[in-house]
>>> print(open('query.txt').read())   # compact mmCIF, C-alpha atoms and all ligand atoms
# COMPACT_ATOMS: atom_id res chain seq x y z
CA MET A 1 109.52 11.27 15.68
CA LYS A 2 110.57 14.29 13.62
CA LYS A 3 108.27 17.29 13.72
CA THR A 4 108.44 20.88 12.54
CA ILE A 5 106.39 22.91 14.97
CA ILE A 6 105.41 26.55 14.61
CA ILE A 7 105.15 28.16 18.04
CA THR A 8 103.43 31.53 17.61
CA GLY A 9 104.11 34.23 20.19
CA GLY A 10 107.33 32.46 21.20
CA ALA A 11 108.98 35.76 22.12
CA GLY A 12 106.29 36.54 24.71
CA PHE A 13 105.98 35.52 28.33
CA ILE A 14 104.45 32.01 28.14
CA GLY A 15 105.62 31.32 24.58
CA SER A 16 109.28 31.74 25.54
CA HIS A 17 108.91 29.10 28.26
CA VAL A 18 107.20 26.74 25.81
CA VAL A 19 109.91 27.23 23.14
CA ARG A 20 112.66 26.57 25.71
CA ARG A 21 110.93 23.47 27.08
CA PHE A 22 110.36 21.94 23.64
CA LEU A 23 113.94 22.62 22.48
CA ASN A 24 115.37 21.10 25.65
CA ASN A 25 113.04 18.07 25.83
CA TYR A 26 112.56 17.08 22.17
CA PRO A 27 115.86 17.02 20.26
CA THR A 28 114.26 15.71 17.04
CA TYR A 29 111.83 18.65 16.69
CA LEU A 30 112.50 21.77 14.65
CA ILE A 31 110.92 24.72 16.49
CA VAL A 32 109.97 27.78 14.42
CA ASN A 33 109.09 30.76 16.57
CA VAL A 34 106.68 33.03 14.64
CA ASP A 35 106.36 36.38 16.34
CA LYS A 36 105.64 39.96 15.31
CA LEU A 37 107.67 41.34 18.24
CA THR A 38 105.05 43.75 19.55
CA TYR A 39 105.79 45.70 22.73
CA ALA A 40 105.20 42.39 24.58
CA GLY A 41 107.56 40.25 22.51
CA ASN A 42 111.27 40.35 23.15
CA LEU A 43 114.00 38.11 21.74
CA GLU A 44 115.93 38.67 24.98
CA ASN A 45 113.47 36.15 26.45
CA LEU A 46 115.10 33.43 24.34
CA LYS A 47 118.72 34.50 24.24
CA ASP A 48 119.82 31.28 25.99
CA VAL A 49 118.43 29.15 23.11
CA ALA A 50 118.95 31.54 20.18
CA ASP A 51 121.86 29.47 18.84
CA HIS A 52 120.20 26.09 19.37
CA PRO A 53 120.54 24.09 16.11
CA ASN A 54 116.83 23.20 16.14
CA TYR A 55 115.57 26.76 16.64
CA ARG A 56 114.41 29.17 13.92
CA PHE A 57 112.87 32.62 14.24
CA GLU A 58 110.47 34.20 11.73
CA ARG A 59 109.36 37.75 12.38
CA ALA A 60 105.82 37.84 11.02
CA ASP A 61 102.39 39.25 11.77
CA ILE A 62 99.78 36.47 11.91
CA VAL A 63 97.23 38.97 10.61
CA ASP A 64 99.13 38.79 7.29
CA ALA A 65 97.64 35.67 5.68
CA GLU A 66 100.26 35.52 2.92
CA ALA A 67 103.14 35.70 5.39
CA VAL A 68 101.58 32.86 7.39
CA ARG A 69 101.13 30.70 4.26
CA ALA A 70 104.71 31.36 3.17
CA ILE A 71 106.00 30.09 6.54
CA PHE A 72 103.92 26.92 6.25
CA GLN A 73 105.41 26.27 2.81
CA LYS A 74 108.99 27.17 3.71
CA TYR A 75 109.16 24.77 6.66
CA GLU A 76 106.63 22.06 5.75
CA VAL A 77 105.03 22.63 9.13
CA THR A 78 103.67 19.50 10.82
CA ASP A 79 102.18 21.08 13.98
CA VAL A 80 101.20 24.40 15.51
CA ILE A 81 101.19 25.62 19.11
CA HIS A 82 99.42 28.96 18.94
CA LEU A 83 100.12 31.49 21.70
CA ALA A 84 100.46 34.79 19.81
CA ALA A 85 97.89 37.24 21.10
CA GLU A 86 97.23 40.66 22.46
CA SER A 87 96.97 39.65 26.09
CA HIS A 88 96.38 42.60 28.42
CA VAL A 89 92.80 43.33 29.56
CA ASP A 90 93.46 47.02 30.35
CA ARG A 91 94.81 47.61 26.85
CA SER A 92 91.77 45.87 25.36
CA ILE A 93 89.55 48.35 27.21
CA GLU A 94 91.55 51.27 25.80
CA GLY A 95 91.45 49.89 22.22
CA PRO A 96 89.79 46.60 21.24
CA MET A 97 90.63 46.52 17.53
CA ASP A 98 94.19 45.15 17.84
CA PHE A 99 92.63 42.32 19.86
CA VAL A 100 90.12 41.56 17.10
CA MET A 101 92.85 41.58 14.46
CA THR A 102 95.50 39.46 16.18
CA ASN A 103 93.35 37.20 18.34
CA VAL A 104 90.50 36.55 15.92
CA VAL A 105 91.75 37.28 12.37
CA GLY A 106 95.27 36.03 13.16
CA THR A 107 93.92 32.77 14.58
CA VAL A 108 91.67 32.19 11.57
CA ASN A 109 94.63 32.84 9.22
CA LEU A 110 96.61 30.14 11.03
CA LEU A 111 93.69 27.70 10.96
CA GLN A 112 93.22 28.25 7.21
CA ALA A 113 96.93 27.82 6.50
CA ALA A 114 97.06 24.59 8.55
CA LYS A 115 93.92 23.23 6.85
CA ASP A 116 95.29 23.99 3.37
CA ALA A 117 98.77 22.63 4.13
CA TRP A 118 97.69 19.42 5.86
CA LYS A 119 94.76 18.61 3.53
CA GLY A 120 93.23 16.12 5.92
CA THR A 121 96.43 14.05 6.31
CA GLU A 122 97.13 12.29 9.62
CA GLY A 123 99.66 13.02 12.34
CA HIS A 124 99.22 16.78 12.83
CA VAL A 125 98.15 18.86 15.84
CA PHE A 126 96.96 22.47 16.02
CA HIS A 127 97.11 23.34 19.73
CA HIS A 128 95.34 26.60 20.57
CA VAL A 129 96.35 28.20 23.88
CA SER A 130 93.51 30.10 25.51
CA THR A 131 92.39 31.53 28.81
CA ASP A 132 89.85 30.83 31.55
CA GLU A 133 88.61 34.42 31.08
CA VAL A 134 86.35 33.16 28.23
CA TYR A 135 84.08 31.68 30.93
CA GLY A 136 83.33 35.10 32.43
CA SER A 137 83.19 35.84 36.14
CA LEU A 138 82.42 33.52 39.09
CA GLY A 139 80.58 34.38 42.30
CA ASP A 140 81.82 33.15 45.69
CA GLU A 141 81.27 29.47 44.86
CA GLY A 142 82.08 27.09 42.02
CA LEU A 143 84.88 26.47 39.53
CA PHE A 144 85.14 26.72 35.74
CA THR A 145 84.97 23.30 34.06
CA GLU A 146 85.27 22.48 30.36
CA HIS A 147 81.44 22.46 30.29
CA THR A 148 80.98 25.97 31.70
CA SER A 149 79.22 28.18 29.13
CA TYR A 150 81.29 30.89 27.52
CA ASP A 151 80.42 34.35 28.89
CA PRO A 152 83.30 36.72 28.04
CA ARG A 153 83.02 40.22 29.48
CA SER A 154 86.13 42.18 28.46
CA PRO A 155 87.20 42.95 24.88
CA TYR A 156 90.23 40.69 25.53
CA SER A 157 88.15 37.71 26.66
CA ALA A 158 85.58 38.32 23.88
CA SER A 159 88.37 38.11 21.30
CA LYS A 160 89.82 34.94 22.88
CA ALA A 161 86.34 33.37 23.08
CA SER A 162 85.82 34.14 19.41
CA SER A 163 89.16 32.53 18.53
CA ASP A 164 88.22 29.44 20.58
CA HIS A 165 84.94 29.15 18.68
CA PHE A 166 86.78 29.33 15.33
CA VAL A 167 89.20 26.63 16.48
CA MET A 168 86.31 24.32 17.41
CA ALA A 169 84.48 25.24 14.18
CA PHE A 170 87.52 24.14 12.12
CA TYR A 171 87.51 20.83 13.97
CA HIS A 172 83.79 20.18 13.46
CA THR A 173 83.54 21.55 9.92
CA TYR A 174 86.82 20.51 8.31
CA GLY A 175 88.15 17.86 10.71
CA LEU A 176 91.24 19.96 11.51
CA PRO A 177 93.06 18.08 14.32
CA ILE A 178 92.82 20.71 17.05
CA LYS A 179 93.48 20.63 20.79
CA MET A 180 92.74 23.51 23.12
CA SER A 181 93.75 24.55 26.62
CA ASN A 182 92.19 27.24 28.84
CA CYS A 183 94.52 28.31 31.61
CA SER A 184 94.23 30.52 34.69
CA ASN A 185 96.54 33.50 35.42
CA ASN A 186 100.23 32.70 35.00
CA TYR A 187 103.20 34.18 36.83
CA GLY A 188 106.96 33.69 36.63
CA SER A 189 110.06 35.04 34.90
CA HIS A 190 109.91 37.12 31.67
CA HIS A 191 106.41 38.41 32.48
CA PHE A 192 105.89 41.85 30.99
CA PRO A 193 105.68 44.36 33.86
CA GLU A 194 102.23 45.70 33.03
CA LYS A 195 100.50 42.66 34.58
CA LEU A 196 99.76 42.57 38.31
CA ILE A 197 102.63 40.50 39.73
CA PRO A 198 105.62 41.87 37.76
CA LEU A 199 104.24 45.43 38.01
CA MET A 200 104.00 45.14 41.81
CA ILE A 201 107.50 43.62 42.07
CA HIS A 202 108.89 46.50 40.01
CA ASN A 203 107.06 49.17 41.99
CA ILE A 204 107.92 47.67 45.39
CA GLN A 205 111.59 47.54 44.40
CA HIS A 206 111.56 51.19 43.29
CA LYS A 207 109.29 52.39 46.15
CA LYS A 208 106.57 53.53 43.73
CA PRO A 209 102.81 53.45 44.51
CA LEU A 210 101.19 50.00 44.22
CA PRO A 211 97.93 50.58 42.28
CA VAL A 212 95.27 48.16 43.56
CA TYR A 213 92.05 48.36 41.53
CA GLY A 214 88.81 48.91 43.46
CA LYS A 215 88.81 47.26 46.90
CA GLY A 216 91.40 44.64 45.94
CA ASP A 217 88.88 41.86 46.59
CA ASN A 218 88.88 40.41 43.06
CA ILE A 219 90.17 36.85 43.00
CA ARG A 220 92.58 35.23 40.54
CA ASP A 221 93.83 31.61 40.43
CA TRP A 222 97.62 31.71 39.90
CA LEU A 223 99.79 29.14 38.13
CA TRP A 224 103.61 28.98 37.72
CA VAL A 225 104.34 29.59 34.03
CA GLU A 226 106.59 26.51 33.77
CA ASP A 227 103.68 24.38 35.01
CA HIS A 228 101.56 25.86 32.22
CA ALA A 229 104.33 24.92 29.76
CA SER A 230 104.35 21.36 31.14
CA ALA A 231 100.55 21.19 30.74
CA ILE A 232 100.82 22.36 27.11
CA ASP A 233 103.48 19.68 26.55
CA ALA A 234 101.19 16.98 28.02
CA ILE A 235 98.12 18.11 26.07
CA PHE A 236 100.02 18.56 22.79
CA HIS A 237 101.48 15.05 23.02
CA THR A 238 98.78 13.00 24.73
CA GLY A 239 95.55 15.03 24.87
CA ARG A 240 92.63 13.93 22.73
CA ILE A 241 91.94 15.59 19.36
CA GLY A 242 88.91 17.89 19.41
CA GLU A 243 89.05 18.35 23.20
CA SER A 244 89.67 21.32 25.44
CA TYR A 245 91.48 21.04 28.80
CA ASN A 246 91.33 23.49 31.70
CA VAL A 247 94.68 24.24 33.33
CA GLY A 248 95.03 25.64 36.86
CA GLY A 249 96.60 25.02 40.23
CA LEU A 250 93.71 25.50 42.73
CA ASN A 251 95.47 28.59 44.02
CA GLU A 252 93.02 31.45 44.61
CA TRP A 253 94.14 34.77 46.06
CA THR A 254 92.43 38.13 46.41
CA ASN A 255 94.57 40.82 44.78
CA ILE A 256 95.10 42.65 48.06
CA GLU A 257 96.22 39.49 49.91
CA LEU A 258 98.62 38.77 47.09
CA VAL A 259 100.05 42.30 47.03
CA ARG A 260 100.50 42.24 50.83
CA PHE A 261 102.24 38.87 50.61
CA LEU A 262 104.60 40.22 47.92
CA CYS A 263 105.33 43.27 50.08
CA GLN A 264 106.31 41.04 53.04
CA LEU A 265 108.42 38.76 50.86
CA MET A 266 110.26 41.69 49.29
CA ASP A 267 110.77 43.49 52.61
CA GLN A 268 112.63 40.35 53.73
CA LYS A 269 114.63 39.99 50.52
CA LEU A 270 115.55 43.69 50.34
CA GLY A 271 116.38 43.95 54.05
CA ARG A 272 113.62 46.51 54.69
CA PRO A 273 111.71 46.78 57.99
CA THR A 274 108.58 44.55 57.94
CA GLY A 275 105.57 46.59 56.78
CA GLU A 276 107.54 49.27 54.93
CA SER A 277 106.45 48.27 51.40
CA GLU A 278 102.77 47.85 52.37
CA GLU A 279 102.65 51.61 52.91
CA LEU A 280 102.99 51.96 49.13
CA ILE A 281 99.60 50.32 48.53
CA THR A 282 97.29 52.80 46.78
CA TYR A 283 93.66 52.00 45.98
CA VAL A 284 92.80 53.35 42.51
CA THR A 285 89.70 53.53 40.29
CA ASP A 286 88.43 50.06 39.49
CA ARG A 287 88.86 48.48 36.04
CA ALA A 288 85.69 48.84 33.91
CA GLY A 289 83.71 45.57 33.95
CA HIS A 290 86.26 44.02 36.32
CA ASP A 291 85.63 40.23 36.54
CA LYS A 292 85.21 39.28 40.21
CA ARG A 293 86.63 35.80 40.45
CA TYR A 294 88.32 33.18 38.27
CA ALA A 295 88.96 29.63 39.49
CA ILE A 296 89.74 26.51 37.47
CA ASP A 297 88.75 22.88 37.92
CA ALA A 298 91.70 21.07 36.27
CA SER A 299 90.54 17.54 37.17
CA LYS A 300 90.11 16.45 33.52
CA LEU A 301 93.76 17.27 32.81
CA LYS A 302 94.91 15.58 36.03
CA GLU A 303 92.82 12.44 35.61
CA GLU A 304 93.30 11.91 31.86
CA LEU A 305 96.91 13.02 31.45
CA GLY A 306 98.32 12.82 34.98
CA TRP A 307 99.42 16.48 35.02
CA THR A 308 100.00 18.24 38.35
CA PRO A 309 101.65 21.56 39.23
CA SER A 310 105.27 21.13 40.35
CA ILE A 311 105.70 23.87 42.97
CA THR A 312 103.71 25.84 45.54
CA PHE A 313 102.75 29.48 45.02
CA GLU A 314 105.07 30.56 47.85
CA GLU A 315 108.07 28.84 46.19
CA GLY A 316 107.13 30.13 42.76
CA LEU A 317 106.69 33.73 43.94
CA SER A 318 110.01 33.64 45.78
CA LYS A 319 111.80 32.40 42.62
CA THR A 320 109.97 35.01 40.54
CA VAL A 321 110.98 37.89 42.82
CA ASP A 322 114.60 36.65 42.77
CA TRP A 323 114.54 36.53 38.95
CA TYR A 324 113.29 40.14 38.69
CA LEU A 325 115.82 41.40 41.22
CA GLU A 326 118.63 39.64 39.32
CA ASN A 327 117.44 40.74 35.87
CA GLN A 328 117.03 44.47 36.21
CA ASP A 329 118.58 44.95 32.74
CA TRP A 330 115.76 42.92 31.19
CA VAL A 331 113.14 45.03 32.98
CA GLU A 332 114.77 48.25 31.83
CA GLN A 333 115.04 47.04 28.26
CA VAL A 334 111.44 45.90 27.88
CA THR A 335 109.99 48.92 29.66
CA SER A 336 111.78 51.51 27.56
CA GLY A 337 110.26 53.16 24.45
CA ALA A 338 106.61 52.69 23.57
CA TYR A 339 105.79 50.98 26.83
CA GLN A 340 106.85 54.04 28.78
CA ASP A 341 104.25 56.18 26.95
CA TYR A 342 101.51 53.66 27.71
CA TYR A 343 102.53 53.41 31.34
CA GLU A 344 102.49 57.17 31.79
CA THR A 345 99.07 57.48 30.09
CA MET A 346 97.47 54.72 32.16
CA TYR A 347 98.81 55.86 35.51
CA ASN A 348 98.43 59.57 35.00
CA LYS A 349 94.71 58.96 34.54
CA ARG A 350 94.35 57.58 38.04
P1 LIG A 401 102.35 38.07 25.87
O1 LIG A 401 101.58 39.33 25.64
O2 LIG A 401 103.45 38.05 26.87
O3 LIG A 401 103.01 37.58 24.49
C1 LIG A 401 102.30 37.60 23.29
C2 LIG A 401 103.30 37.36 22.15
O4 LIG A 401 102.56 37.36 20.92
C3 LIG A 401 104.37 38.45 22.03
O5 LIG A 401 105.63 37.88 21.81
C4 LIG A 401 103.92 39.26 20.81
O6 LIG A 401 104.99 39.86 20.11
C5 LIG A 401 103.22 38.19 19.97
N1 LIG A 401 102.23 38.75 19.05
C6 LIG A 401 101.24 39.63 19.38
N2 LIG A 401 100.55 39.94 18.25
C7 LIG A 401 101.10 39.23 17.24
C8 LIG A 401 100.81 39.13 15.85
N3 LIG A 401 99.81 39.84 15.29
N4 LIG A 401 101.55 38.30 15.09
C9 LIG A 401 102.56 37.57 15.65
N5 LIG A 401 102.90 37.65 16.94
C10 LIG A 401 102.16 38.47 17.74
O7 LIG A 401 101.26 36.96 26.18
P2 LIG A 401 101.32 35.73 27.19
O8 LIG A 401 100.92 36.19 28.54
O9 LIG A 401 102.59 35.01 27.01
O10 LIG A 401 100.12 34.84 26.62
C11 LIG A 401 100.34 33.88 25.59
C12 LIG A 401 99.02 33.20 25.25
O11 LIG A 401 98.52 32.54 26.41
C13 LIG A 401 97.93 34.17 24.79
O12 LIG A 401 97.21 33.54 23.76
C14 LIG A 401 97.07 34.36 26.02
O13 LIG A 401 95.73 34.65 25.67
C15 LIG A 401 97.19 33.00 26.67
N6 LIG A 401 97.03 32.97 28.14
C16 LIG A 401 97.76 33.84 28.93
C17 LIG A 401 97.63 33.77 30.32
C18 LIG A 401 98.44 34.66 31.23
O14 LIG A 401 98.23 34.63 32.45
N7 LIG A 401 99.40 35.44 30.74
C19 LIG A 401 96.75 32.83 30.89
C20 LIG A 401 96.03 31.97 30.05
C21 LIG A 401 96.19 32.05 28.68
P1 LIG A 402 96.18 41.21 35.30
O1 LIG A 402 97.56 40.81 35.69
O2 LIG A 402 96.01 42.35 34.34
O3 LIG A 402 95.47 39.89 34.73
P2 LIG A 402 93.91 39.63 34.34
O4 LIG A 402 93.19 40.92 34.32
O5 LIG A 402 94.04 39.04 32.97
O6 LIG A 402 93.40 38.67 35.36
O7 LIG A 402 95.37 41.56 36.61
C1 LIG A 402 95.21 40.62 37.64
C2 LIG A 402 94.31 41.22 38.69
O8 LIG A 402 94.97 42.32 39.30
C3 LIG A 402 93.00 41.77 38.13
O9 LIG A 402 91.97 41.52 39.08
C4 LIG A 402 93.26 43.26 37.99
C5 LIG A 402 94.20 43.54 39.14
N1 LIG A 402 95.21 44.62 38.93
C6 LIG A 402 95.36 45.62 39.90
O10 LIG A 402 94.67 45.66 40.93
N2 LIG A 402 96.31 46.59 39.69
C7 LIG A 402 97.09 46.60 38.56
O11 LIG A 402 97.94 47.52 38.40
C8 LIG A 402 96.92 45.56 37.59
C9 LIG A 402 97.74 45.55 36.33
C10 LIG A 402 95.96 44.60 37.82
>>> encode(input="query.txt", output="structure tokens", more="lines below")
Ligand code: NAD
Ligand code: TYD
Amino acid sequence: MKKTIIITGGAGFIGSHVVRRFLNNYPTYLIVNVDKLTYAGNLENLKDVADHPNYRFERADIVDAEAVRAIFQKYEVTDVIHLAAESHVDRSIEGPMDFVMTNVVGTVNLLQAAKDAWKGTEGHVFHHVSTDEVYGSLGDEGLFTEHTSYDPRSPYSASKASSDHFVMAFYHTYGLPIKMSNCSNNYGSHHFPEKLIPLMIHNIQHKKPLPVYGKGDNIRDWLWVEDHASAIDAIFHTGRIGESYNVGGLNEWTNIELVRFLCQLMDQKLGRPTGESEELITYVTDRAGHDKRYAIDASKLKEELGWTPSITFEEGLSKTVDWYLENQDWVEQVTSGAYQDYYETMYNKR
């Protein structure tokens, strides 16, 4: 079947994997990547598919309602996979308003444009990509299910929770054919090196301090980014309209265990004596309102759609480290300019 799908945030970390997967797997789809190219968006992430005949790029800010409408008209958009967002919790603590604008206002602009363009006709999907952070913070026991009450605690998760509520409101109020997914922490190639795993890989490689927040005992549930892309593919094509699906790989690690594991892996790969990189670990002031633990119950997705993760964390981390070591040019390119100022400000404070 022919489709013209807008993928927002396609130049970012997860979006670039979704664009690549859809271009490679669905030769009858036209894929329109709509991205503002903020500090986190980089067309380098898609250079291998830039000349694909079914790929188009539109540089646009989703906060600009007219620009969004114009794209819907230009391409006669049939479907949306919405990933564009401000995505970094630490930045949301420094300044929440960009998160309100892109994550809330931008999402509502897209919903309005889809509602007006599709006018209740059949055969469309608006897939909203969200996070498990909307559920708040877990104690030692339990997992987030699709029925867990929303309890966002950071400005980032509050903005994503708000966007999720608008998505569901458009389904209930106007019958917009939405689907939603809430995923745990992703890792893999093309991950901007301000997030834990790529930042640690970068700093281990360059023998810089490894800033672990608080005691390092916060827990995250990590998923290979290509497995998230495969889950989005499954939900977009076969998930039920009006439903949300949790995505995760039952893979919980404390931050300190994870950083130690990365140190050991990189000591091996870089030919350093075992234990050398661990000496770089530096405990720093904790993040304000730091959520203790996230963990996803993905059984609905597994049972209804048959999705399972494809690789173990150990395999995925090894591939990820190899990618960063082989793509130093990419790291240098994306960490130049504005990012450098942010990095200096954040780390000089500690
Ligand atoms: P990212 O920060 O790497 O990429 C975001 C992309 O959105 C960038 O290309 C950026 O240029 C673009 N963008 C930002 N503001 C925009 C605007 N106003 N208009 C148009 N484009 C804009 O983010 P990511 O980690 O790839 O996350 C993608 C989505 O997945 C987000 O919605 C995020 O909330 C969600 N998510 C992320 C994770 C994770 O671990 N990274 C986990 C679960 C869900
Ligand atoms: P992050 O990658 O920012 O993802 P999120 O906050 O969305 O889960 O952080 C993952 C975990 O790592 C989180 O508990 C905060 C912690 N962390 C550090 O200890 N040091 C760091 O430099 C960063 C960026 C994060």
>>> residues_near_ligand(input="query.txt", ligand="ligand LIG 401 (chain A)", cutoff="6 Å", atoms="all atoms listed in the file", output="ChimeraX atom specification")
/A:9-15,35-38,40-41,60-63,83-87,102,129-131,183-186
>>> residues_near_ligand(input="query.txt", ligand="ligand LIG 402 (chain A)", cutoff="9 Å", atoms="only C-alpha atoms and all ligand atoms", output="ChimeraX atom specification")
/A:87-90,131,133,156-157,184-187,193-200,210-221,254-256,259,283-284,286-287,290-294,347
>>> atom_distance(input="query.txt", atom1="atom CA of Ala229 of chain A", atom2="atom CA of Val18 of chain A")
5.2 Å
>>> closest_residue(input="query.txt", among="A:Glu243, A:His237, A:Asn203, A:Ile232", to="Tyr324 of chain A", atoms="all atoms listed in the file")
A:Asn203
>>> residues_around(input="query.txt", residues="Leu301 of chain A", least_positions_apart="2", cutoff="12 Å", atoms="all atoms listed in the file", output="PDB file with C-alpha atoms, keeping the file's coordinate frame")
ATOM      1  CA  THR A 145      84.970  23.300  34.060  1.00  0.00           C
ATOM      2  CA  GLU A 146      85.270  22.480  30.360  1.00  0.00           C
ATOM      3  CA  MET A 180      92.740  23.510  23.120  1.00  0.00           C
ATOM      4  CA  SER A 181      93.750  24.550  26.620  1.00  0.00           C
ATOM      5  CA  ASN A 182      92.190  27.240  28.840  1.00  0.00           C
ATOM      6  CA  CYS A 183      94.520  28.310  31.610  1.00  0.00           C
ATOM      7  CA  HIS A 228     101.560  25.860  32.220  1.00  0.00           C
ATOM      8  CA  SER A 230     104.350  21.360  31.140  1.00  0.00           C
ATOM      9  CA  ALA A 231     100.550  21.190  30.740  1.00  0.00           C
ATOM     10  CA  ILE A 232     100.820  22.360  27.110  1.00  0.00           C
ATOM     11  CA  ASP A 233     103.480  19.680  26.550  1.00  0.00           C
ATOM     12  CA  ALA A 234     101.190  16.980  28.020  1.00  0.00           C
ATOM     13  CA  ILE A 235      98.120  18.110  26.070  1.00  0.00           C
ATOM     14  CA  PHE A 236     100.020  18.560  22.790  1.00  0.00           C
ATOM     15  CA  THR A 238      98.780  13.000  24.730  1.00  0.00           C
ATOM     16  CA  GLY A 239      95.550  15.030  24.870  1.00  0.00           C
ATOM     17  CA  ARG A 240      92.630  13.930  22.730  1.00  0.00           C
ATOM     18  CA  GLU A 243      89.050  18.350  23.200  1.00  0.00           C
ATOM     19  CA  SER A 244      89.670  21.320  25.440  1.00  0.00           C
ATOM     20  CA  TYR A 245      91.480  21.040  28.800  1.00  0.00           C
ATOM     21  CA  ASN A 246      91.330  23.490  31.700  1.00  0.00           C
ATOM     22  CA  VAL A 247      94.680  24.240  33.330  1.00  0.00           C
ATOM     23  CA  GLY A 248      95.030  25.640  36.860  1.00  0.00           C
ATOM     24  CA  GLY A 249      96.600  25.020  40.230  1.00  0.00           C
ATOM     25  CA  ILE A 296      89.740  26.510  37.470  1.00  0.00           C
ATOM     26  CA  ASP A 297      88.750  22.880  37.920  1.00  0.00           C
ATOM     27  CA  ALA A 298      91.700  21.070  36.270  1.00  0.00           C
ATOM     28  CA  SER A 299      90.540  17.540  37.170  1.00  0.00           C
ATOM     29  CA  GLU A 303      92.820  12.440  35.610  1.00  0.00           C
ATOM     30  CA  GLU A 304      93.300  11.910  31.860  1.00  0.00           C
ATOM     31  CA  LEU A 305      96.910  13.020  31.450  1.00  0.00           C
ATOM     32  CA  GLY A 306      98.320  12.820  34.980  1.00  0.00           C
ATOM     33  CA  TRP A 307      99.420  16.480  35.020  1.00  0.00           C
ATOM     34  CA  THR A 308     100.000  18.240  38.350  1.00  0.00           C
ATOM     35  CA  PRO A 309     101.650  21.560  39.230  1.00  0.00           C
TER      36      PRO A 309
END
>>> atom_distance(input="query.txt", atom1="atom CA of Gln333 of chain A", atom2="atom CA of Val321 of chain A")
17.7 Å
>>> atom_distance(input="query.txt", atom1="atom CA of Thr282 of chain A", atom2="atom CA of Glu326 of chain A")
26.2 Å
>>> residues_around(input="query.txt", residues="Val49 of chain A", least_positions_apart="3", cutoff="8 Å", atoms="all atoms listed in the file", output="CSV table (one decimal) with C-alpha atoms, in the coordinates of the input")
chain,number,residue,atom,x,y,z
A,20,ARG,CA,112.7,26.6,25.7
A,23,LEU,CA,113.9,22.6,22.5
A,46,LEU,CA,115.1,33.4,24.3
A,52,HIS,CA,120.2,26.1,19.4
A,55,TYR,CA,115.6,26.8,16.6
>>> closest_residue(input="query.txt", among="A:Asp164, A:Ile81, A:Thr335, A:Met1", to="Thr28 of chain A", atoms="only C-alpha atoms")
A:Met1
>>> decode(input="query.txt", residues="segment 308-317 of chain A", atoms="N, CA, C and O atoms", output="PDB file, in the first residue's frame")
ATOM      1  N   THR A 308       9.720  -8.850  20.287  1.00  0.00           N
ATOM      2  CA  THR A 308      10.724  -9.108  21.331  1.00  0.00           C
ATOM      3  C   THR A 308      12.024  -8.394  20.945  1.00  0.00           C
ATOM      4  O   THR A 308      12.293  -8.199  19.757  1.00  0.00           O
ATOM      5  N   PRO A 309      12.829  -8.035  21.949  1.00  0.00           N
ATOM      6  CA  PRO A 309      14.131  -7.416  21.628  1.00  0.00           C
ATOM      7  C   PRO A 309      15.020  -8.415  20.890  1.00  0.00           C
ATOM      8  O   PRO A 309      14.925  -9.624  21.124  1.00  0.00           O
ATOM      9  N   SER A 310      15.908  -7.917  20.019  1.00  0.00           N
ATOM     10  CA  SER A 310      16.679  -8.838  19.173  1.00  0.00           C
ATOM     11  C   SER A 310      18.051  -9.183  19.748  1.00  0.00           C
ATOM     12  O   SER A 310      18.618 -10.202  19.406  1.00  0.00           O
ATOM     13  N   ILE A 311      18.604  -8.312  20.600  1.00  0.00           N
ATOM     14  CA  ILE A 311      19.953  -8.617  21.107  1.00  0.00           C
ATOM     15  C   ILE A 311      20.057  -8.327  22.603  1.00  0.00           C
ATOM     16  O   ILE A 311      19.239  -7.600  23.159  1.00  0.00           O
ATOM     17  N   THR A 312      21.095  -8.915  23.219  1.00  0.00           N
ATOM     18  CA  THR A 312      21.308  -8.685  24.656  1.00  0.00           C
ATOM     19  C   THR A 312      21.980  -7.323  24.866  1.00  0.00           C
ATOM     20  O   THR A 312      22.539  -6.734  23.937  1.00  0.00           O
ATOM     21  N   PHE A 313      21.934  -6.851  26.105  1.00  0.00           N
ATOM     22  CA  PHE A 313      22.550  -5.562  26.433  1.00  0.00           C
ATOM     23  C   PHE A 313      24.068  -5.624  26.189  1.00  0.00           C
ATOM     24  O   PHE A 313      24.664  -4.678  25.679  1.00  0.00           O
ATOM     25  N   GLU A 314      24.682  -6.755  26.548  1.00  0.00           N
ATOM     26  CA  GLU A 314      26.128  -6.889  26.392  1.00  0.00           C
ATOM     27  C   GLU A 314      26.519  -6.768  24.915  1.00  0.00           C
ATOM     28  O   GLU A 314      27.470  -6.064  24.570  1.00  0.00           O
ATOM     29  N   GLU A 315      25.744  -7.452  24.036  1.00  0.00           N
ATOM     30  CA  GLU A 315      26.028  -7.343  22.585  1.00  0.00           C
ATOM     31  C   GLU A 315      25.804  -5.917  22.091  1.00  0.00           C
ATOM     32  O   GLU A 315      26.599  -5.382  21.330  1.00  0.00           O
ATOM     33  N   GLY A 316      24.687  -5.344  22.529  1.00  0.00           N
ATOM     34  CA  GLY A 316      24.326  -4.001  22.063  1.00  0.00           C
ATOM     35  C   GLY A 316      25.350  -2.970  22.504  1.00  0.00           C
ATOM     36  O   GLY A 316      25.736  -2.083  21.735  1.00  0.00           O
ATOM     37  N   LEU A 317      25.811  -3.076  23.768  1.00  0.00           N
ATOM     38  CA  LEU A 317      26.792  -2.100  24.261  1.00  0.00           C
ATOM     39  C   LEU A 317      28.114  -2.249  23.517  1.00  0.00           C
ATOM     40  O   LEU A 317      28.766  -1.256  23.193  1.00  0.00           O
TER      41      LEU A 317
END
